[in-house]
>>> print(open('run-v2.pdb').read())   # PDB, C-alpha atoms, pLDDT in the B column
ATOM      1  CA  MET A   1      51.015 117.969  16.230  1.00 89.00           C
ATOM      2  CA  ASN A   2      51.679 114.421  15.146  1.00 92.00           C
ATOM      3  CA  SER A   3      54.261 113.489  12.510  1.00 91.00           C
ATOM      4  CA  GLN A   4      51.704 113.104   9.723  1.00 94.00           C
ATOM      5  CA  GLU A   5      50.258 116.572  10.329  1.00 95.00           C
ATOM      6  CA  PHE A   6      53.797 117.959  10.375  1.00 96.00           C
ATOM      7  CA  ILE A   7      54.534 116.245   7.045  1.00 96.00           C
ATOM      8  CA  ASN A   8      51.288 117.615   5.594  1.00 97.00           C
ATOM      9  CA  GLN A   9      52.335 121.131   6.595  1.00 97.00           C
ATOM     10  CA  LEU A  10      55.748 120.643   4.989  1.00 98.00           C
ATOM     11  CA  ASN A  11      54.036 119.445   1.805  1.00 98.00           C
ATOM     12  CA  GLU A  12      51.824 122.533   1.864  1.00 98.00           C
ATOM     13  CA  VAL A  13      54.953 124.678   2.066  1.00 98.00           C
ATOM     14  CA  GLN A  14      56.345 122.927  -1.004  1.00 98.00           C
ATOM     15  CA  GLU A  15      53.121 123.611  -2.895  1.00 98.00           C
ATOM     16  CA  LEU A  16      53.237 127.269  -1.898  1.00 98.00           C
ATOM     17  CA  MET A  17      56.830 127.464  -3.090  1.00 97.00           C
ATOM     18  CA  LEU A  18      55.826 126.091  -6.488  1.00 97.00           C
ATOM     19  CA  LYS A  19      53.194 128.830  -6.701  1.00 97.00           C
ATOM     20  CA  GLU A  20      55.791 131.417  -5.565  1.00 96.00           C
ATOM     21  CA  HIS A  21      53.796 132.266  -2.419  1.00 97.00           C
ATOM     22  CA  TYR A  22      56.929 132.608  -0.346  1.00 97.00           C
ATOM     23  CA  LYS A  23      55.593 134.854   2.432  1.00 96.00           C
ATOM     24  CA  ARG A  24      52.802 132.404   3.270  1.00 98.00           C
ATOM     25  CA  ALA A  25      55.276 129.517   3.146  1.00 98.00           C
ATOM     26  CA  MET A  26      57.599 131.339   5.562  1.00 98.00           C
ATOM     27  CA  MET A  27      54.732 131.928   7.984  1.00 98.00           C
ATOM     28  CA  ILE A  28      53.953 128.207   8.070  1.00 98.00           C
ATOM     29  CA  LEU A  29      57.628 127.325   8.459  1.00 98.00           C
ATOM     30  CA  ASP A  30      58.021 129.754  11.354  1.00 98.00           C
ATOM     31  CA  LYS A  31      55.124 128.047  13.147  1.00 97.00           C
ATOM     32  CA  LEU A  32      56.582 124.614  12.400  1.00 97.00           C
ATOM     33  CA  LYS A  33      59.975 125.636  13.795  1.00 96.00           C
ATOM     34  CA  VAL A  34      58.339 126.554  17.096  1.00 95.00           C
ATOM     35  CA  ILE A  35      56.458 123.245  17.153  1.00 95.00           C
ATOM     36  CA  GLU A  36      59.617 121.329  16.246  1.00 94.00           C
ATOM     37  CA  LYS A  37      61.546 122.858  19.151  1.00 91.00           C
ATOM     38  CA  GLU A  38      58.825 121.790  21.571  1.00 90.00           C
ATOM     39  CA  SER A  39      58.565 118.257  20.161  1.00 89.00           C
ATOM     40  CA  SER A  40      60.856 115.457  19.134  1.00 85.00           C
ATOM     41  CA  TYR A  41      60.425 114.644  15.472  1.00 89.00           C
ATOM     42  CA  ASN A  42      62.858 112.405  13.707  1.00 90.00           C
ATOM     43  CA  TYR A  43      65.967 113.856  12.116  1.00 92.00           C
ATOM     44  CA  ASN A  44      64.629 113.574   8.554  1.00 93.00           C
ATOM     45  CA  LEU A  45      61.624 115.793   9.312  1.00 94.00           C
ATOM     46  CA  THR A  46      63.735 118.335  11.148  1.00 95.00           C
ATOM     47  CA  HIS A  47      66.246 118.379   8.307  1.00 96.00           C
ATOM     48  CA  LYS A  48      63.495 118.831   5.724  1.00 97.00           C
ATOM     49  CA  LEU A  49      61.986 121.675   7.762  1.00 97.00           C
ATOM     50  CA  TYR A  50      65.221 123.644   7.911  1.00 97.00           C
ATOM     51  CA  GLN A  51      66.132 122.855   4.326  1.00 98.00           C
ATOM     52  CA  LEU A  52      62.758 124.194   3.151  1.00 98.00           C
ATOM     53  CA  ASP A  53      63.165 127.219   5.396  1.00 98.00           C
ATOM     54  CA  SER A  54      66.548 128.056   3.868  1.00 97.00           C
ATOM     55  CA  ASN A  55      65.280 127.514   0.329  1.00 97.00           C
ATOM     56  CA  VAL A  56      62.088 129.542   0.701  1.00 98.00           C
ATOM     57  CA  ARG A  57      63.933 132.478   2.284  1.00 97.00           C
ATOM     58  CA  SER A  58      66.475 132.465  -0.529  1.00 97.00           C
ATOM     59  CA  LEU A  59      63.749 132.322  -3.179  1.00 97.00           C
ATOM     60  CA  TYR A  60      61.860 135.136  -1.456  1.00 97.00           C
ATOM     61  CA  ASN A  61      65.029 137.258  -1.384  1.00 97.00           C
ATOM     62  CA  GLN A  62      65.625 136.532  -5.057  1.00 97.00           C
ATOM     63  CA  GLN A  63      62.047 137.476  -5.946  1.00 97.00           C
ATOM     64  CA  LEU A  64      62.392 140.872  -4.254  1.00 97.00           C
ATOM     65  CA  ILE A  65      65.880 141.492  -5.643  1.00 97.00           C
ATOM     66  CA  LEU A  66      64.737 140.698  -9.169  1.00 95.00           C
ATOM     67  CA  LYS A  67      61.719 142.960  -8.839  1.00 94.00           C
ATOM     68  CA  SER A  68      63.890 145.825  -7.598  1.00 95.00           C
ATOM     69  CA  ILE A  69      66.546 145.358 -10.259  1.00 94.00           C
ATOM     70  CA  PHE A  70      63.958 145.341 -13.050  1.00 92.00           C
ATOM     71  CA  TYR A  71      62.486 148.540 -11.639  1.00 90.00           C
ATOM     72  CA  ILE A  72      65.923 150.177 -11.370  1.00 92.00           C
ATOM     73  CA  SER A  73      67.025 149.067 -14.838  1.00 91.00           C
ATOM     74  CA  ASN A  74      64.391 151.345 -16.381  1.00 89.00           C
ATOM     75  CA  GLU A  75      66.134 154.330 -14.836  1.00 91.00           C
ATOM     76  CA  LYS A  76      69.781 153.365 -14.380  1.00 91.00           C
ATOM     77  CA  LYS A  77      72.461 151.342 -16.076  1.00 92.00           C
ATOM     78  CA  GLU A  78      74.263 150.450 -12.853  1.00 92.00           C
ATOM     79  CA  ILE A  79      73.714 150.336  -9.112  1.00 95.00           C
ATOM     80  CA  SER A  80      76.023 149.695  -6.189  1.00 95.00           C
ATOM     81  CA  TYR A  81      75.348 146.886  -3.758  1.00 95.00           C
ATOM     82  CA  GLU A  82      74.988 149.518  -1.038  1.00 95.00           C
ATOM     83  CA  GLU A  83      72.306 151.392  -3.016  1.00 95.00           C
ATOM     84  CA  LEU A  84      70.459 148.177  -3.784  1.00 96.00           C
ATOM     85  CA  LEU A  85      70.552 147.112  -0.131  1.00 97.00           C
ATOM     86  CA  LYS A  86      69.121 150.494   0.870  1.00 96.00           C
ATOM     87  CA  LEU A  87      66.385 150.245  -1.766  1.00 94.00           C
ATOM     88  CA  LEU A  88      65.490 146.696  -0.695  1.00 96.00           C
ATOM     89  CA  SER A  89      65.311 147.808   2.914  1.00 96.00           C
ATOM     90  CA  GLU A  90      63.171 150.879   2.212  1.00 95.00           C
ATOM     91  CA  GLU A  91      60.892 149.570  -0.535  1.00 93.00           C
ATOM     92  CA  GLU A  92      60.613 145.865   0.300  1.00 94.00           C
ATOM     93  CA  SER A  93      61.429 145.792   4.026  1.00 95.00           C
ATOM     94  CA  LEU A  94      64.100 143.207   3.219  1.00 95.00           C
ATOM     95  CA  GLU A  95      67.021 143.200   5.637  1.00 94.00           C
ATOM     96  CA  ILE A  96      69.940 141.208   4.285  1.00 96.00           C
ATOM     97  CA  ASP A  97      73.669 141.770   4.331  1.00 96.00           C
ATOM     98  CA  GLU A  98      75.872 142.452   1.332  1.00 95.00           C
ATOM     99  CA  ALA A  99      77.304 138.930   1.244  1.00 95.00           C
ATOM    100  CA  THR A 100      73.787 137.468   1.044  1.00 96.00           C
ATOM    101  CA  LEU A 101      72.827 139.977  -1.647  1.00 96.00           C
ATOM    102  CA  LYS A 102      75.848 138.992  -3.740  1.00 95.00           C
ATOM    103  CA  LYS A 103      75.044 135.291  -3.304  1.00 95.00           C
ATOM    104  CA  GLU A 104      71.404 135.794  -4.321  1.00 97.00           C
ATOM    105  CA  ILE A 105      72.391 137.805  -7.394  1.00 95.00           C
ATOM    106  CA  GLU A 106      74.854 135.085  -8.370  1.00 94.00           C
ATOM    107  CA  ILE A 107      72.090 132.481  -8.063  1.00 96.00           C
ATOM    108  CA  LEU A 108      69.736 134.621 -10.174  1.00 96.00           C
ATOM    109  CA  VAL A 109      72.412 134.816 -12.878  1.00 94.00           C
ATOM    110  CA  LEU A 110      73.044 131.056 -12.698  1.00 94.00           C
ATOM    111  CA  ARG A 111      69.282 130.443 -12.995  1.00 95.00           C
ATOM    112  CA  SER A 112      69.290 132.693 -16.102  1.00 94.00           C
ATOM    113  CA  LEU A 113      66.746 135.001 -14.483  1.00 95.00           C
ATOM    114  CA  LEU A 114      69.100 137.972 -14.431  1.00 94.00           C
ATOM    115  CA  SER A 115      71.561 139.145 -16.999  1.00 91.00           C
ATOM    116  CA  CYS A 116      74.081 141.566 -15.558  1.00 90.00           C
ATOM    117  CA  LYS A 117      77.761 142.030 -14.883  1.00 88.00           C
ATOM    118  CA  VAL A 118      79.446 142.795 -11.610  1.00 88.00           C
ATOM    119  CA  ASP A 119      82.238 145.378 -11.547  1.00 87.00           C
ATOM    120  CA  ASN A 120      83.784 145.753  -8.093  1.00 85.00           C
ATOM    121  CA  ASN A 121      80.893 146.921  -5.914  1.00 89.00           C
ATOM    122  CA  LYS A 122      78.528 147.769  -8.748  1.00 91.00           C
ATOM    123  CA  ILE A 123      75.996 145.782 -10.691  1.00 94.00           C
ATOM    124  CA  LEU A 124      75.980 146.715 -14.370  1.00 92.00           C
ATOM    125  CA  LEU A 125      72.475 146.330 -15.701  1.00 87.00           C
TER     126      LEU A 125
END
>>> encode(input="run-v2.pdb", output="C-alpha cells")
Amino acid sequence: MNSQEFINQLNEVQELMLKEHYKRAMMILDKLKVIEKESSYNYNLTHKLYQLDSNVRSLYNQQLILKSIFYISNEKKEISYEELLKLLSEEESLEIDEATLKKEIEILVLRSLLSCKVDNNKILL
C-alpha cells in the first residue's frame, strides 16, 4: 500500500470516528498496523496511526461504559468498579482493567457525558 492509500485509510477512520462507528474504525486500524509493520512509512504517518488507534479504542470503551451505566442507573443508585467490569465483560465483551475503567469514567465526566460521583471503589449514580 502506498503512502497516499495509507493516508486515505486513516482519513476514513477519522470519518468513522465522527459517525461513532468505532468497531469498523478499529478493524481498519488493525489492518493498517499490520501493513505498517511490514512497510516503512514516515514517522508522521506511523504516529497518526497509533494516535488514532489509542483514541478510537478509548472512545469505544467510553461508548460501552456509558451504555452500561445508563442501563444500570435505572435499577441501582451505585455500582462498584468490580461489578461494572464484570458487566462490561459479560454483556459487551469488553476486557479492560480497573485503572482503564477509572480513566474512561473520568474522561466521560470531564466531557460532561456522565454525571456521577466516585466514593472509594463505588460509582454513585
>>> residues_around(input="run-v2.pdb", residues="Tyr22 of chain A", least_positions_apart="2", cutoff="12 Å", atoms="all atoms listed in the file", output="ChimeraX atom specification")
/A:12-20,24-29,52-64
>>> resolve_selection(input="run-v2.pdb", expression="the PyMOL selection byres ((chain A and resi 101-110) around 8)", output="MDAnalysis selection string")
chainID A and resid 58 61:62 65:66 81 85 96:100 111:116
>>> closest_residue(input="run-v2.pdb", among="A:Asn74, A:Thr46, A:Ser80, A:Ser68", to="Ser93 of chain A", atoms="all atoms listed in the file")
A:Ser68
>>> resolve_selection(input="run-v2.pdb", expression="the PyMOL selection byres ((chain A and resi 72) around 12)", output="list in words")
Ile65, Leu66, Lys67, Ser68, Ile69, Phe70, Tyr71, Ser73, Asn74, Glu75, Lys76, Lys77, Glu78, Ile79, Ser80, Glu83, Leu84, Leu87, Leu88, Glu91, Ile123, Leu124 and Leu125 of chain A
>>> atom_distance(input="run-v2.pdb", atom1="atom CA of Lys48 of chain A", atom2="atom CA of Gln4 of chain A")
13.7 Å
>>> resolve_selection(input="run-v2.pdb", expression="the PyMOL selection byres ((chain A and resi 2) around 12)", output="ChimeraX atom specification")
/A:1,3-9,32,35-36,39-42,45
>>> atom_distance(input="run-v2.pdb", atom1="atom CA of Asp30 of chain A", atom2="atom CA of Leu10 of chain A")
11.3 Å
>>> atom_distance(input="run-v2.pdb", atom1="atom CA of Leu49 of chain A", atom2="atom CA of Asn11 of chain A")
10.2 Å
>>> closest_residue(input="run-v2.pdb", among="A:Lys33, A:His21, A:Glu38, A:Glu82", to="Asn121 of chain A", atoms="all atoms listed in the file")
A:Glu82
>>> decode(input="run-v2.pdb", residues="segment 86-117 of chain A", atoms="N, CA and C atoms", output="PDB file, in the first residue's frame")
ATOM      1  N   LYS A  86     -17.258  -6.576  35.495  1.00  0.00           N
ATOM      2  CA  LYS A  86     -17.872  -7.878  35.216  1.00  0.00           C
ATOM      3  C   LYS A  86     -19.002  -7.728  34.206  1.00  0.00           C
ATOM      4  N   LEU A  87     -19.837  -6.715  34.406  1.00  0.00           N
ATOM      5  CA  LEU A  87     -20.950  -6.455  33.485  1.00  0.00           C
ATOM      6  C   LEU A  87     -20.433  -6.143  32.083  1.00  0.00           C
ATOM      7  N   LEU A  88     -19.422  -5.303  31.983  1.00  0.00           N
ATOM      8  CA  LEU A  88     -18.845  -4.946  30.686  1.00  0.00           C
ATOM      9  C   LEU A  88     -18.261  -6.170  29.990  1.00  0.00           C
ATOM     10  N   SER A  89     -17.654  -7.035  30.763  1.00  0.00           N
ATOM     11  CA  SER A  89     -17.081  -8.255  30.201  1.00  0.00           C
ATOM     12  C   SER A  89     -18.178  -9.195  29.694  1.00  0.00           C
ATOM     13  N   GLU A  90     -19.205  -9.387  30.506  1.00  0.00           N
ATOM     14  CA  GLU A  90     -20.273 -10.332  30.159  1.00  0.00           C
ATOM     15  C   GLU A  90     -21.202  -9.802  29.074  1.00  0.00           C
ATOM     16  N   GLU A  91     -21.618  -8.561  29.196  1.00  0.00           N
ATOM     17  CA  GLU A  91     -22.635  -8.005  28.298  1.00  0.00           C
ATOM     18  C   GLU A  91     -22.051  -7.392  27.020  1.00  0.00           C
ATOM     19  N   GLU A  92     -20.861  -6.835  27.118  1.00  0.00           N
ATOM     20  CA  GLU A  92     -20.285  -6.097  25.988  1.00  0.00           C
ATOM     21  C   GLU A  92     -19.010  -6.731  25.445  1.00  0.00           C
ATOM     22  N   SER A  93     -18.562  -7.801  26.072  1.00  0.00           N
ATOM     23  CA  SER A  93     -17.306  -8.462  25.698  1.00  0.00           C
ATOM     24  C   SER A  93     -16.124  -7.481  25.724  1.00  0.00           C
ATOM     25  N   LEU A  94     -16.175  -6.554  26.656  1.00  0.00           N
ATOM     26  CA  LEU A  94     -15.109  -5.559  26.801  1.00  0.00           C
ATOM     27  C   LEU A  94     -14.190  -5.980  27.940  1.00  0.00           C
ATOM     28  N   GLU A  95     -12.942  -6.198  27.621  1.00  0.00           N
ATOM     29  CA  GLU A  95     -11.949  -6.615  28.609  1.00  0.00           C
ATOM     30  C   GLU A  95     -10.975  -5.469  28.849  1.00  0.00           C
ATOM     31  N   ILE A  96     -11.205  -4.763  29.951  1.00  0.00           N
ATOM     32  CA  ILE A  96     -10.299  -3.689  30.351  1.00  0.00           C
ATOM     33  C   ILE A  96      -9.988  -3.874  31.826  1.00  0.00           C
ATOM     34  N   ASP A  97      -8.944  -3.225  32.287  1.00  0.00           N
ATOM     35  CA  ASP A  97      -8.614  -3.320  33.705  1.00  0.00           C
ATOM     36  C   ASP A  97      -9.263  -2.164  34.468  1.00  0.00           C
ATOM     37  N   GLU A  98      -9.186  -2.243  35.780  1.00  0.00           N
ATOM     38  CA  GLU A  98      -9.845  -1.241  36.617  1.00  0.00           C
ATOM     39  C   GLU A  98      -9.253   0.154  36.421  1.00  0.00           C
ATOM     40  N   ALA A  99      -7.957   0.236  36.245  1.00  0.00           N
ATOM     41  CA  ALA A  99      -7.321   1.545  36.043  1.00  0.00           C
ATOM     42  C   ALA A  99      -7.844   2.200  34.762  1.00  0.00           C
ATOM     43  N   THR A 100      -7.992   1.418  33.703  1.00  0.00           N
ATOM     44  CA  THR A 100      -8.530   1.947  32.447  1.00  0.00           C
ATOM     45  C   THR A 100      -9.983   2.358  32.626  1.00  0.00           C
ATOM     46  N   LEU A 101     -10.753   1.548  33.332  1.00  0.00           N
ATOM     47  CA  LEU A 101     -12.155   1.887  33.592  1.00  0.00           C
ATOM     48  C   LEU A 101     -12.258   3.221  34.327  1.00  0.00           C
ATOM     49  N   LYS A 102     -11.455   3.399  35.342  1.00  0.00           N
ATOM     50  CA  LYS A 102     -11.478   4.656  36.111  1.00  0.00           C
ATOM     51  C   LYS A 102     -11.116   5.848  35.219  1.00  0.00           C
ATOM     52  N   LYS A 103     -10.102   5.655  34.376  1.00  0.00           N
ATOM     53  CA  LYS A 103      -9.674   6.729  33.469  1.00  0.00           C
ATOM     54  C   LYS A 103     -10.795   7.094  32.495  1.00  0.00           C
ATOM     55  N   GLU A 104     -11.449   6.078  31.939  1.00  0.00           N
ATOM     56  CA  GLU A 104     -12.523   6.321  30.968  1.00  0.00           C
ATOM     57  C   GLU A 104     -13.718   7.005  31.633  1.00  0.00           C
ATOM     58  N   ILE A 105     -14.031   6.624  32.845  1.00  0.00           N
ATOM     59  CA  ILE A 105     -15.131   7.279  33.564  1.00  0.00           C
ATOM     60  C   ILE A 105     -14.773   8.732  33.852  1.00  0.00           C
ATOM     61  N   GLU A 106     -13.532   8.972  34.236  1.00  0.00           N
ATOM     62  CA  GLU A 106     -13.087  10.349  34.468  1.00  0.00           C
ATOM     63  C   GLU A 106     -13.214  11.191  33.196  1.00  0.00           C
ATOM     64  N   ILE A 107     -12.847  10.620  32.066  1.00  0.00           N
ATOM     65  CA  ILE A 107     -12.965  11.342  30.792  1.00  0.00           C
ATOM     66  C   ILE A 107     -14.432  11.615  30.467  1.00  0.00           C
ATOM     67  N   LEU A 108     -15.302  10.640  30.700  1.00  0.00           N
ATOM     68  CA  LEU A 108     -16.733  10.839  30.454  1.00  0.00           C
ATOM     69  C   LEU A 108     -17.283  11.981  31.306  1.00  0.00           C
ATOM     70  N   VAL A 109     -16.838  12.056  32.550  1.00  0.00           N
ATOM     71  CA  VAL A 109     -17.264  13.148  33.437  1.00  0.00           C
ATOM     72  C   VAL A 109     -16.727  14.478  32.915  1.00  0.00           C
ATOM     73  N   LEU A 110     -15.452  14.508  32.530  1.00  0.00           N
ATOM     74  CA  LEU A 110     -14.852  15.743  32.014  1.00  0.00           C
ATOM     75  C   LEU A 110     -15.520  16.203  30.722  1.00  0.00           C
ATOM     76  N   ARG A 111     -16.001  15.241  29.917  1.00  0.00           N
ATOM     77  CA  ARG A 111     -16.697  15.576  28.670  1.00  0.00           C
ATOM     78  C   ARG A 111     -18.174  15.916  28.922  1.00  0.00           C
ATOM     79  N   SER A 112     -18.578  15.910  30.179  1.00  0.00           N
ATOM     80  CA  SER A 112     -19.964  16.188  30.586  1.00  0.00           C
ATOM     81  C   SER A 112     -20.963  15.205  29.982  1.00  0.00           C
ATOM     82  N   LEU A 113     -20.514  13.980  29.759  1.00  0.00           N
ATOM     83  CA  LEU A 113     -21.401  12.938  29.247  1.00  0.00           C
ATOM     84  C   LEU A 113     -21.918  12.051  30.370  1.00  0.00           C
ATOM     85  N   LEU A 114     -21.304  12.168  31.536  1.00  0.00           N
ATOM     86  CA  LEU A 114     -21.686  11.356  32.680  1.00  0.00           C
ATOM     87  C   LEU A 114     -21.633  12.220  33.929  1.00  0.00           C
ATOM     88  N   SER A 115     -22.693  12.124  34.690  1.00  0.00           N
ATOM     89  CA  SER A 115     -22.747  12.853  35.946  1.00  0.00           C
ATOM     90  C   SER A 115     -22.833  11.820  37.065  1.00  0.00           C
ATOM     91  N   CYS A 116     -21.750  11.672  37.792  1.00  0.00           N
ATOM     92  CA  CYS A 116     -21.720  10.719  38.893  1.00  0.00           C
ATOM     93  C   CYS A 116     -20.639  11.153  39.875  1.00  0.00           C
ATOM     94  N   LYS A 117     -20.630  10.481  41.012  1.00  0.00           N
ATOM     95  CA  LYS A 117     -19.586  10.710  42.000  1.00  0.00           C
ATOM     96  C   LYS A 117     -18.904   9.382  42.263  1.00  0.00           C
TER      97      LYS A 117
END
